[in-house]
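Below is run02.txt, which holds compact mmCIF, C-alpha atoms.
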# COMPACT_ATOMS: atom_id res chain seq x y z
CA MET A 24 6.01 6.23 18.77
CA TRP A 25 2.32 6.65 18.03
CA SER A 26 2.15 10.12 19.53
CA GLU A 27 5.21 11.21 17.51
CA LEU A 28 3.63 10.07 14.23
CA ARG A 29 0.18 11.42 15.01
CA ARG A 30 1.12 15.05 14.28
CA ILE A 31 2.82 14.42 10.91
CA GLY A 32 0.78 15.37 7.85
CA ARG A 33 -2.52 15.79 9.71
CA ASP A 34 -4.97 18.28 8.24
CA ALA A 35 -6.43 20.56 10.89
CA ASP A 36 -9.80 20.87 9.18
CA SER A 37 -10.56 17.28 8.16
CA GLY A 38 -8.58 15.50 10.87
CA GLY A 39 -7.27 13.18 8.16
CA TYR A 40 -3.74 12.62 6.95
CA ARG A 41 -2.07 13.84 3.76
CA ARG A 42 1.21 11.97 3.64
CA HIS A 43 1.61 11.69 -0.11
CA ALA A 44 4.76 10.19 -1.59
CA TRP A 45 7.86 12.37 -1.78
CA THR A 46 6.27 15.39 -0.08
CA GLY A 47 7.32 17.18 3.09
CA ALA A 48 5.01 15.08 5.26
CA ASP A 49 6.37 11.91 3.70
CA ALA A 50 9.92 13.10 4.38
CA ASP A 51 9.04 13.71 8.04
CA CYS A 52 7.67 10.15 8.29
CA ARG A 53 10.81 8.75 6.66
CA ASN A 54 13.00 10.71 9.07
CA TRP A 55 10.97 9.28 11.94
CA PHE A 56 11.62 5.76 10.62
CA GLN A 57 15.36 6.37 10.47
CA GLU A 58 15.35 7.79 13.98
CA GLN A 59 13.58 4.69 15.29
CA ALA A 60 16.15 2.48 13.60
CA GLU A 61 19.06 4.45 15.02
CA ALA A 62 17.55 4.48 18.50
CA ARG A 63 17.62 0.67 18.46
CA GLY A 64 21.12 0.31 17.02
CA LEU A 65 19.84 -1.10 13.74
CA VAL A 66 21.58 -0.69 10.38
CA TYR A 67 19.52 1.73 8.29
CA GLU A 68 19.47 1.90 4.50
CA THR A 69 17.36 3.17 1.62
CA ASP A 70 17.21 0.84 -1.35
CA ARG A 71 17.29 1.80 -5.03
CA ASN A 72 13.50 2.32 -5.11
CA GLY A 73 13.24 4.52 -2.03
CA ASN A 74 12.08 1.74 0.32
CA GLN A 75 13.52 2.02 3.82
CA TRP A 76 15.11 -0.88 5.71
CA ALA A 77 16.33 -1.27 9.28
CA TRP A 78 18.45 -4.39 9.78
CA LEU A 79 19.38 -6.31 12.89
CA GLY A 80 22.87 -7.74 12.52
CA GLY A 81 23.57 -5.89 9.27
CA PRO A 82 21.94 -5.57 5.83
CA PRO A 83 22.63 -7.77 2.80
CA PRO A 84 25.37 -6.55 0.46
CA ALA A 85 24.27 -3.25 -1.03
CA SER A 86 22.83 -3.28 -4.54
CA VAL A 87 23.25 -0.41 -7.00
CA GLY A 88 21.51 2.64 -5.61
CA ASP A 89 21.36 1.40 -2.01
CA THR A 90 22.53 3.75 0.71
CA PRO A 91 23.38 1.80 3.89
CA THR A 92 23.99 3.81 7.04
CA PRO A 93 25.39 2.14 10.18
CA ALA A 94 23.10 3.45 12.89
CA SER A 95 24.46 4.68 16.16
CA GLY A 96 24.67 2.20 19.00
CA GLY A 97 25.49 -0.89 16.92
CA THR A 98 28.14 -2.30 14.63
CA PRO A 99 26.83 -3.64 11.34
CA THR A 100 27.62 -7.25 10.54
CA PRO A 101 27.50 -8.12 6.80
CA ALA A 102 24.59 -10.39 5.97
CA SER A 103 26.28 -12.03 3.01
CA GLY A 104 26.00 -15.66 2.04
CA GLY A 105 29.22 -16.11 4.01
CA GLY A 106 27.18 -15.70 7.17
CA THR A 107 25.86 -13.20 9.63
CA GLY A 108 26.04 -15.63 12.48
CA ASN A 109 23.21 -15.94 14.95
CA VAL A 110 22.13 -12.50 16.10
CA SER A 111 20.58 -11.71 19.45
CA ALA A 112 17.90 -9.07 19.76
CA SER A 113 20.54 -6.85 21.28
CA GLY A 114 22.63 -7.10 18.10
CA ARG A 115 25.36 -9.50 19.35
CA SER A 116 26.63 -12.12 16.87
CA THR A 117 27.21 -15.78 17.67
CA PRO A 118 28.69 -18.58 15.53
CA GLY A 119 26.67 -20.32 12.82
CA ALA A 120 25.36 -18.77 9.61
CA PRO A 121 21.91 -18.98 8.07
CA ALA A 122 21.68 -19.56 4.34
CA VAL A 123 20.89 -16.81 1.89
CA GLY A 124 17.11 -16.41 1.77
CA ASP A 125 16.62 -16.77 5.52
CA ALA A 126 15.96 -13.13 6.42
CA VAL A 127 12.67 -12.46 8.22
CA VAL A 128 11.19 -9.04 7.41
CA THR A 129 8.20 -7.16 8.76
CA GLY A 130 6.77 -3.67 8.24
CA SER A 131 4.29 -1.81 6.07
CA HIS A 132 4.06 1.78 4.78
CA LEU A 133 3.77 5.33 6.14
CA ASP A 134 2.13 7.24 3.27
CA SER A 135 -1.62 7.86 3.13
CA VAL A 136 -4.58 8.44 0.85
CA PRO A 137 -5.98 12.01 0.83
CA ASP A 138 -7.44 12.64 4.30
CA GLY A 139 -6.73 9.05 5.29
CA GLY A 140 -6.82 7.52 8.73
CA ALA A 141 -4.00 7.20 11.24
CA PHE A 142 -3.74 3.40 11.22
CA ASP A 143 -3.59 2.26 7.57
CA GLY A 144 0.12 1.55 7.12
CA PRO A 145 1.66 3.21 10.19
CA LEU A 146 0.18 0.60 12.54
CA GLY A 147 2.28 -2.06 10.81
CA VAL A 148 5.49 -0.04 11.07
CA VAL A 149 4.96 1.04 14.68
CA SER A 150 4.03 -2.53 15.63
CA ALA A 151 7.19 -3.86 13.96
CA PHE A 152 9.46 -1.68 16.11
CA ALA A 153 7.35 -2.44 19.19
CA ALA A 154 7.55 -6.19 18.48
CA LEU A 155 11.36 -5.95 18.33
CA ASP A 156 11.29 -4.12 21.68
CA GLU A 157 9.16 -6.95 23.08
CA LEU A 158 11.55 -9.61 21.80
CA ARG A 159 14.45 -7.78 23.39
CA ARG A 160 12.51 -7.70 26.64
CA ARG A 161 12.07 -11.46 26.37
CA GLY A 162 15.80 -11.94 25.69
CA ALA A 163 15.10 -13.64 22.36
CA GLU A 164 18.14 -14.84 20.40
CA PHE A 165 17.83 -14.31 16.64
CA THR A 166 19.13 -17.10 14.42
CA ARG A 167 18.20 -15.35 11.17
CA PRO A 168 18.77 -11.86 9.78
CA PHE A 169 15.85 -9.58 10.63
CA ALA A 170 14.62 -6.31 9.13
CA ILE A 171 11.86 -3.75 9.48
CA THR A 172 10.77 -1.95 6.34
CA ASN A 173 8.73 1.02 5.13
CA PHE A 174 7.69 0.60 1.50
CA ALA A 175 7.46 3.80 -0.54
CA ASP A 176 4.25 5.12 -2.14
CA GLU A 177 1.98 2.22 -1.21
CA GLU A 178 -1.27 4.15 -1.50
CA GLY A 179 -0.58 5.68 -4.91
CA ALA A 180 -2.35 8.89 -3.88
CA ARG A 181 0.03 11.18 -5.77
CA PHE A 182 0.85 9.30 -8.97
CA GLY A 183 -2.24 7.11 -9.31
CA LEU A 184 -0.52 3.73 -9.00
CA ALA A 185 -0.54 1.80 -5.73
CA CYS A 186 2.46 -0.03 -4.25
CA VAL A 187 5.06 1.70 -6.43
CA GLY A 188 8.01 0.84 -4.17
CA SER A 189 7.19 -2.85 -3.88
CA ARG A 190 6.14 -3.13 -7.55
CA LEU A 191 9.51 -1.73 -8.62
CA ALA A 192 11.40 -4.06 -6.31
CA ALA A 193 9.46 -7.09 -7.52
CA GLY A 194 9.88 -6.17 -11.19
CA GLN A 195 6.15 -5.60 -11.69
CA LEU A 196 6.76 -1.97 -12.71
CA THR A 197 9.51 -1.14 -15.18
CA ARG A 198 11.72 1.92 -14.98
CA GLU A 199 10.12 3.26 -18.16
CA GLN A 200 6.62 2.83 -16.72
CA ALA A 201 7.66 4.49 -13.48
CA TYR A 202 9.22 7.42 -15.32
CA ALA A 203 5.90 8.00 -17.11
CA LEU A 204 3.96 8.47 -13.85
CA ARG A 205 2.87 12.06 -13.22
CA ASP A 206 0.94 13.77 -10.46
CA ALA A 207 -1.92 16.25 -10.87
CA ASP A 208 0.57 19.12 -11.25
CA GLY A 209 2.49 17.40 -14.03
CA VAL A 210 5.47 16.48 -11.85
CA CYS A 211 6.87 13.12 -12.90
CA LEU A 212 8.00 10.47 -10.42
CA PRO A 213 11.75 10.87 -11.13
CA GLU A 214 11.52 14.62 -10.50
CA ALA A 215 9.70 14.04 -7.21
CA MET A 216 12.23 11.44 -6.05
CA GLU A 217 15.16 13.65 -7.02
CA ALA A 218 13.65 16.59 -5.14
CA ALA A 219 13.46 14.30 -2.10
CA GLY A 220 17.17 13.54 -2.35
CA LEU A 221 17.09 10.17 -4.12
CA ASP A 222 18.65 9.08 -7.39
CA PRO A 223 15.84 8.01 -9.77
CA GLY A 224 18.41 6.65 -12.20
CA THR A 225 18.81 3.52 -10.08
CA ILE A 226 15.18 2.45 -9.71
CA GLY A 227 14.11 -0.95 -10.94
CA ALA A 228 13.82 -4.63 -10.10
CA ASP A 229 15.77 -5.74 -7.03
CA PRO A 230 15.90 -9.55 -7.27
CA GLU A 231 19.13 -9.89 -5.30
CA ARG A 232 17.60 -8.21 -2.26
CA LEU A 233 14.33 -10.12 -2.43
CA ALA A 234 16.21 -13.41 -2.87
CA ARG A 235 17.64 -12.92 0.61
CA VAL A 236 14.19 -12.61 2.22
CA GLY A 237 12.82 -15.88 3.55
CA ALA A 238 9.55 -14.45 4.87
CA PHE A 239 7.73 -11.10 4.90
CA VAL A 240 4.96 -10.62 7.47
CA GLU A 241 2.89 -7.44 7.27
CA LEU A 242 0.63 -6.35 10.13
CA HIS A 243 -2.26 -4.09 9.10
CA VAL A 244 -5.42 -2.65 10.57
CA GLU A 245 -8.42 -4.57 9.23
CA GLN A 246 -10.28 -2.68 6.52
CA GLY A 247 -13.66 -4.12 7.35
CA ARG A 248 -15.55 -5.50 10.38
CA ALA A 249 -15.00 -9.27 10.20
CA LEU A 250 -12.94 -9.33 13.41
CA ASP A 251 -15.39 -7.07 15.20
CA VAL A 252 -18.19 -9.49 14.29
CA SER A 253 -16.20 -12.57 15.34
CA GLY A 254 -14.93 -10.94 18.54
CA ASP A 255 -11.25 -11.60 17.75
CA PRO A 256 -8.57 -8.92 18.20
CA VAL A 257 -6.25 -10.42 15.56
CA GLY A 258 -6.73 -12.36 12.31
CA ILE A 259 -4.62 -13.90 9.55
CA ALA A 260 -5.07 -13.02 5.87
CA SER A 261 -6.09 -15.85 3.57
CA ALA A 262 -6.19 -14.01 0.24
CA ILE A 263 -6.43 -10.61 -1.46
CA TRP A 264 -9.15 -10.13 -4.06
CA PRO A 265 -8.12 -9.30 -7.62
CA HIS A 266 -8.45 -5.57 -8.17
CA GLY A 267 -7.58 -2.78 -10.57
CA ARG A 268 -7.98 0.85 -11.59
CA TRP A 269 -9.44 2.03 -14.89
CA ARG A 270 -9.50 5.60 -16.27
CA PHE A 271 -12.61 6.64 -18.23
CA ASP A 272 -12.19 9.69 -20.49
CA PHE A 273 -15.50 11.18 -21.66
CA ARG A 274 -14.87 13.87 -24.31
CA GLY A 275 -17.63 16.23 -25.43
CA GLU A 276 -17.79 19.86 -26.48
CA ALA A 277 -17.37 22.88 -24.26
CA ASN A 278 -20.11 25.47 -24.57
CA HIS A 279 -22.13 28.08 -22.70
CA ALA A 280 -24.33 26.62 -19.97
CA GLY A 281 -26.96 29.34 -20.36
CA THR A 282 -27.33 29.66 -24.13
CA THR A 283 -26.84 26.13 -25.50
CA ARG A 284 -30.01 24.15 -26.02
CA LEU A 285 -30.10 20.71 -24.42
CA ALA A 286 -30.66 19.17 -27.84
CA ASP A 287 -27.49 20.82 -29.16
CA ARG A 288 -25.18 19.70 -26.40
CA ARG A 289 -22.39 17.12 -26.40
CA ASP A 290 -22.17 17.10 -22.61
CA PRO A 291 -19.97 14.33 -21.13
CA MET A 292 -21.24 14.88 -17.58
CA PRO A 293 -24.52 12.92 -17.96
CA THR A 294 -22.53 10.14 -19.63
CA TYR A 295 -20.19 10.02 -16.67
CA ALA A 296 -23.08 10.15 -14.20
CA GLU A 297 -24.82 7.22 -15.90
CA THR A 298 -21.56 5.26 -15.77
CA VAL A 299 -21.23 5.86 -12.02
CA LEU A 300 -24.75 4.51 -11.50
CA ALA A 301 -23.99 1.55 -13.76
CA ALA A 302 -20.91 0.72 -11.69
CA ARG A 303 -22.96 0.59 -8.51
CA ARG A 304 -25.67 -1.50 -10.20
CA GLU A 305 -23.33 -4.05 -11.79
CA ALA A 306 -21.23 -4.48 -8.66
CA GLU A 307 -24.31 -5.03 -6.53
CA LEU A 308 -25.67 -7.67 -8.92
CA ALA A 309 -22.35 -9.55 -8.92
CA GLY A 310 -21.50 -9.31 -5.22
CA ALA A 311 -18.42 -7.24 -6.04
CA VAL A 312 -17.42 -3.62 -5.38
CA ALA A 313 -16.93 -0.79 -7.87
CA THR A 314 -16.22 2.84 -7.05
CA PHE A 315 -15.69 6.06 -8.95
CA GLY A 316 -13.85 7.97 -6.24
CA LYS A 317 -11.85 10.47 -8.28
CA VAL A 318 -12.97 12.79 -11.06
CA SER A 319 -11.52 15.75 -12.97
CA VAL A 320 -13.47 18.13 -15.20
CA GLU A 321 -12.38 20.56 -17.91
CA PRO A 322 -12.81 23.50 -18.06
CA ASN A 323 -14.43 23.05 -14.63
CA GLY A 324 -16.57 26.19 -14.74
CA VAL A 325 -19.98 26.57 -13.12
CA ASN A 326 -21.46 28.16 -16.24
CA ALA A 327 -19.62 25.99 -18.78
CA ILE A 328 -20.56 22.66 -20.34
CA PRO A 329 -17.55 20.39 -19.83
CA SER A 330 -15.33 19.38 -22.72
CA LEU A 331 -13.81 16.50 -20.72
CA VAL A 332 -14.89 14.49 -17.72
CA ARG A 333 -12.26 12.02 -16.54
CA GLY A 334 -13.21 9.49 -13.88
CA TRP A 335 -11.25 6.71 -12.23
CA LEU A 336 -12.90 3.37 -11.48
CA ASP A 337 -11.66 1.10 -8.70
CA SER A 338 -13.21 -2.37 -8.85
CA ARG A 339 -12.59 -5.58 -6.86
CA ALA A 340 -14.18 -9.00 -6.61
CA ALA A 341 -13.62 -12.35 -4.94
CA ASP A 342 -12.47 -13.97 -8.20
CA GLN A 343 -11.19 -12.93 -11.61
CA ALA A 344 -14.23 -14.02 -13.61
CA VAL A 345 -16.59 -11.88 -11.54
CA LEU A 346 -14.30 -8.88 -11.76
CA ASP A 347 -14.03 -9.21 -15.54
CA THR A 348 -17.81 -9.44 -15.83
CA VAL A 349 -18.39 -6.34 -13.72
CA VAL A 350 -15.82 -4.14 -15.48
CA SER A 351 -16.99 -5.26 -18.94
CA ALA A 352 -20.59 -4.42 -18.05
CA ILE A 353 -19.58 -0.97 -16.78
CA GLU A 354 -17.62 -0.28 -19.96
CA GLN A 355 -20.56 -1.36 -22.11
CA ALA A 356 -22.95 0.87 -20.19
CA ALA A 357 -20.55 3.78 -20.67
CA LYS A 358 -20.29 3.10 -24.42
CA ASP A 359 -24.05 2.89 -24.85
CA ARG A 360 -24.68 6.17 -23.05
CA ALA A 361 -21.74 7.89 -24.79
CA GLN A 362 -23.20 7.02 -28.18
CA ARG A 363 -26.57 8.48 -27.21
CA ASP A 364 -24.94 11.67 -25.93
CA GLY A 365 -22.55 12.17 -28.85
CA VAL A 366 -19.59 11.77 -26.51
CA ASP A 367 -16.27 10.07 -27.28
CA LEU A 368 -15.10 7.45 -24.78
CA ALA A 369 -11.65 6.02 -24.06
CA VAL A 370 -10.98 3.50 -21.28
CA VAL A 371 -7.45 2.78 -20.03
CA ARG A 372 -6.54 0.16 -17.44
CA GLU A 373 -3.94 1.94 -15.32
CA SER A 374 -3.17 -0.88 -12.90
CA PHE A 375 -4.19 -4.43 -12.10
CA THR A 376 -3.33 -6.97 -9.42
CA PRO A 377 -4.53 -10.59 -9.78
CA VAL A 378 -5.84 -12.61 -6.86
CA VAL A 379 -3.21 -13.30 -4.20
CA GLU A 380 -3.60 -16.53 -2.27
CA PHE A 381 -1.08 -16.31 0.56
CA GLY A 382 1.13 -19.38 0.75
CA HIS A 383 -0.41 -22.02 2.98
CA ALA A 384 2.90 -23.17 4.48
CA LEU A 385 3.77 -19.79 6.02
CA ARG A 386 0.13 -19.01 6.80
CA ASP A 387 -0.33 -22.33 8.61
CA GLU A 388 2.95 -21.91 10.48
CA ILE A 389 1.81 -18.50 11.72
CA GLY A 390 -1.49 -20.02 12.80
CA ARG A 391 0.39 -22.65 14.76
CA LEU A 392 2.62 -20.04 16.41
CA LEU A 393 -0.51 -18.18 17.49
CA GLY A 394 -2.13 -21.25 19.01
CA GLY A 395 -4.34 -22.23 16.11
CA ARG A 396 -7.27 -20.09 17.26
CA VAL A 397 -6.85 -17.08 14.95
CA PRO A 398 -9.47 -16.66 12.19
CA LEU A 399 -8.59 -16.52 8.50
CA LEU A 400 -9.87 -13.47 6.59
CA GLY A 401 -10.06 -12.59 2.92
CA THR A 402 -9.73 -8.93 1.98
CA GLY A 403 -10.52 -6.65 -0.92
CA ALA A 404 -7.71 -4.24 -0.03
CA GLY A 405 -4.34 -4.33 -1.78
CA HIS A 406 -1.05 -4.41 0.14
CA ASP A 407 2.71 -4.57 -0.41
CA ALA A 408 2.57 -8.14 0.92
CA GLY A 409 0.35 -9.04 -1.99
CA ILE A 410 2.77 -7.55 -4.51
CA LEU A 411 5.79 -9.28 -2.96
CA SER A 412 4.04 -12.66 -2.74
CA ALA A 413 5.13 -13.52 -6.29
CA ALA A 414 8.78 -13.30 -5.24
CA VAL A 415 8.84 -13.88 -1.48
CA PRO A 416 6.85 -16.02 0.99
CA THR A 417 4.44 -13.51 2.53
CA ALA A 418 1.71 -13.40 5.14
CA MET A 419 -0.45 -10.79 6.86
CA LEU A 420 -1.89 -10.20 10.30
CA PHE A 421 -4.96 -8.01 10.77
CA VAL A 422 -5.85 -6.00 13.88
CA ARG A 423 -9.52 -5.43 14.69
CA ASN A 424 -11.16 -2.23 13.47
CA PRO A 425 -14.43 -1.76 15.41
CA THR A 426 -15.85 0.77 12.94
CA GLY A 427 -14.86 -1.12 9.81
CA VAL A 428 -14.04 2.30 8.31
CA SER A 429 -10.75 2.84 6.48
CA HIS A 430 -9.24 5.50 4.19
CA SER A 431 -11.02 8.00 6.43
CA PRO A 432 -10.28 9.90 9.65
CA ALA A 433 -12.84 7.58 11.33
CA GLU A 434 -10.48 4.62 10.93
CA HIS A 435 -9.73 3.21 14.38
CA ALA A 436 -8.23 0.43 16.44
CA ALA A 437 -8.44 0.20 20.23
CA GLU A 438 -5.21 0.35 22.22
CA ASP A 439 -5.77 -3.12 23.71
CA ASP A 440 -6.19 -4.59 20.23
CA CYS A 441 -3.06 -2.80 19.01
CA VAL A 442 -1.12 -4.30 21.91
CA ALA A 443 -2.57 -7.72 21.07
CA GLY A 444 -1.33 -7.20 17.52
CA VAL A 445 2.18 -6.36 18.72
CA LEU A 446 2.30 -9.43 20.94
CA ALA A 447 1.00 -11.64 18.14
CA LEU A 448 3.60 -10.23 15.74
CA ALA A 449 6.33 -10.76 18.35
CA ASP A 450 5.24 -14.39 18.79
CA VAL A 451 5.35 -14.90 15.02
CA LEU A 452 8.77 -13.27 14.62
CA GLU A 453 10.16 -15.22 17.55
CA GLY A 454 8.97 -18.45 15.96
CA LEU A 455 10.27 -17.59 12.50
CA ALA A 456 13.52 -15.76 13.27
CA CYS A 457 14.57 -17.10 16.64
CA SER A 458 13.94 -20.84 16.21
Using structure tokens, write down the structure from this file.
Amino acid sequence: MWSELRRIGRDADSGGYRRHAWTGADADCRNWFQEQAEARGLVYETDRNGNQWAWLGGPPPASVGDTPTPASGGTPTPASGGGTGNVSASGRSTPGAPAVGDAVVTGSHLDSVPDGGAFDGPLGVVSAFAALDELRRRGAEFTRPFAITNFADEEGARFGLACVGSRLAAGQLTREQAYALRDADGVCLPEAMEAAGLDPGTIGADPERLARVGAFVELHVEQGRALDVSGDPVGIASAIWPHGRWRFDFRGEANHAGTTRLADRRDPMPTYAETVLAARREAELAGAVATFGKVSVEPNGVNAIPSLVRGWLDSRAADQAVLDTVVSAIEQAAKDRAQRDGVDLAVVRESFTPVVEFGHALRDEIGRLLGGRVPLLGTGAGHDAGILSAAVPTAMLFVRNPTGVSHSPAEHAAEDDCVAGVLALADVLEGLACS
């Protein structure tokens, strides 16, 4: 599976991946997911928000916009409240029906940031299919519905908002807000989805589907070096830091770079540059992180003073109070410098996710299933599991990343650690879905 995915969306020059939502590379990844589902006799469907699901024993009743497809090699069994029956890993049904809300789901995402690494997202999806293969090898008998999922547009690389698929499903992003999202070329999200063969008219909250999920466990490569320092191949997430994205618009006056005196300029670039330095300074003082990683300039000419510099701030901290302090200080620094430079400033918060403390009951149960010797880790990275935690019991497993590097081609996880992650996930799923 890993070798099949490795070629999709990889840039020959950078070595990184460009699997942005609803592009050709994304479509190839989604086709790969469906093929993996069909090869295992699972029931494949795409929900109203473009998220992909592969069900063992049959999906829940379809909601508006869902497109279930019985995969080859297996007969779908309806997972209604009337009962799926106990389902073996091979897909056979036995008497006895779990209650609605008992489904155990695992998976992650397949899209990437610009020139991202191979592991962020895909490791969780590949490991989910591999864990099912391992459970079948063990002869495990499922007593709960089980699904593997690929959430759409987790990284937000194209439309600027992370976790679009899971936010829509959880009702944290309205249809109107989603329709307003546009990429750098002016293409709106509905147009992109329609071009990819989906019906954007059905997107929106999916409470009926989420109500049938009893637990969602996401495996992910660690985005940091805590496991490398501790010497553990696998860890359990304790919490996700609060984080958000803010757009800073610095508007000045376009003019000739060679003939305009410095004293006569309304140049937004020095204002932006001072704000970048202020972000680094304030984050360092507070023990948080703040990054201006994306910028656009108009008219973007070498010999032209810019009329507009637009920069995007990503900031995260261990608690809400610290994050608020850091962002407020950055905004104030930007305002002070803008006033000195004769530049107009507008700041818009484009997205925000509060702190996510993963439920202790599921987290502790996973720790018990893994022998109680797996370390707990906090993380500053956002995930679909964090978005879904408001509606569904969620948990995360991390696999060691020896470099600590992520969102870069240097992102890495050793094969032995990846196998350890698969076995850990299989142990967890066996304990949750086969007990």
Checklist entry - Excluding same-chain residues fewer than 3 positions from region 350-357 of chain A, what lies within 8 Å of it counting all atoms listed in the file, as number ranges by chain? => result A: 294-295, 297-298, 301-302, 305, 338, 346-347, 360-361, 368, 370
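Between CA of Lys358 (chain A) and CA of Arg333 (chain A) lies a distance of 14.4 Å.
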Checklist entry - Using only C-alpha atoms, which of A:Gly73, A:Pro145, A:Pro137, A:Gly162 sits nearest Asp222 (chain A)? => result A:Gly73
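Counting only C-alpha atoms and comparing A:Ala341, A:Ala153, A:Ala456, A:Ala447, the residue that lies closest to Phe169 (chain A) is A:Ala456.
All residues of protein, DNA or RNA that reach within 12 Å of Leu233 (chain A), judged by only C-alpha atoms and not counting those fewer than 5 positions away in the chain, are Asp70, Pro83, Pro84, Ser86, Val123, Gly124, Asp125, Ala126, Val127, Val128, Ser189, Arg190, Leu191, Ala192, Ala193, Gly194, Ala228, Ala238, Phe239, Leu411, Ser412, Ala413, Ala414, Val415, Pro416 and Thr417 of chain A.
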Next on the checklist: Show me, as a ChimeraX atom specification, the residues that have an atom within 7 Å of Trp264 (chain A) when counting all atoms listed in the file, minus same-chain residues fewer than 3 positions from it.
Outcome noted: /A:339-342,378-379,402-403
Dump as a CSV table (one decimal), in the frame of the given file, selection limited to C-alpha atoms:
chain,number,residue,atom,x,y,z
A,339,ARG,CA,-12.6,-5.6,-6.9
A,340,ALA,CA,-14.2,-9.0,-6.6
A,341,ALA,CA,-13.6,-12.4,-4.9
A,342,ASP,CA,-12.5,-14.0,-8.2
A,378,VAL,CA,-5.8,-12.6,-6.9
A,379,VAL,CA,-3.2,-13.3,-4.2
A,402,THR,CA,-9.7,-8.9,2.0
A,403,GLY,CA,-10.5,-6.6,-0.9
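You will find CA of His243 (chain A) at 23.6 Å from CA of Arg161 (chain A).
Restricting the calculation to all atoms listed in the file, the smallest distance between Gly179 (chain A) and any of A:Cys441, A:Ala201, A:Leu446, A:Val236 is found for A:Ala201.
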Checklist entry - Can you list, as a PyMOL selection string, every protein, DNA or RNA residue that comes within 12 Å of Gly224 (chain A) when you count only C-alpha atoms, leaving out same-chain residues fewer than 4 positions away? => result chain A and resi 71-73+87-89+198-199+201-202+212-214+216-217
Checklist entry - Between CA of Pro256 (chain A) and CA of Leu400 (chain A), what is the spacing in Å? => result 12.5 Å
Checklist entry - Hey, what's within 12 Å of Asn323 (chain A) if we count all atoms listed in the file and toss same-chain stuff fewer than 4 positions away? As a ChimeraX atom specification, please? => result /A:277-278,280,292,318-319,327-333
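Among the candidates A:Val299, A:Cys186, A:Ala77, A:Ala175, the residue lying nearest to Gly405 (chain A) is A:Cys186 (atoms considered: all atoms listed in the file).
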Checklist entry - Nearest to Ala151 (chain A): which of A:Cys457, A:Val187, A:Gly394, A:Val451 is it, counting all atoms listed in the file? => result A:Val451
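Restricting the calculation to only C-alpha atoms, the smallest distance between Gly390 (chain A) and any of A:Ala141, A:Leu448, A:Ala185, A:Ile226 is found for A:Leu448.
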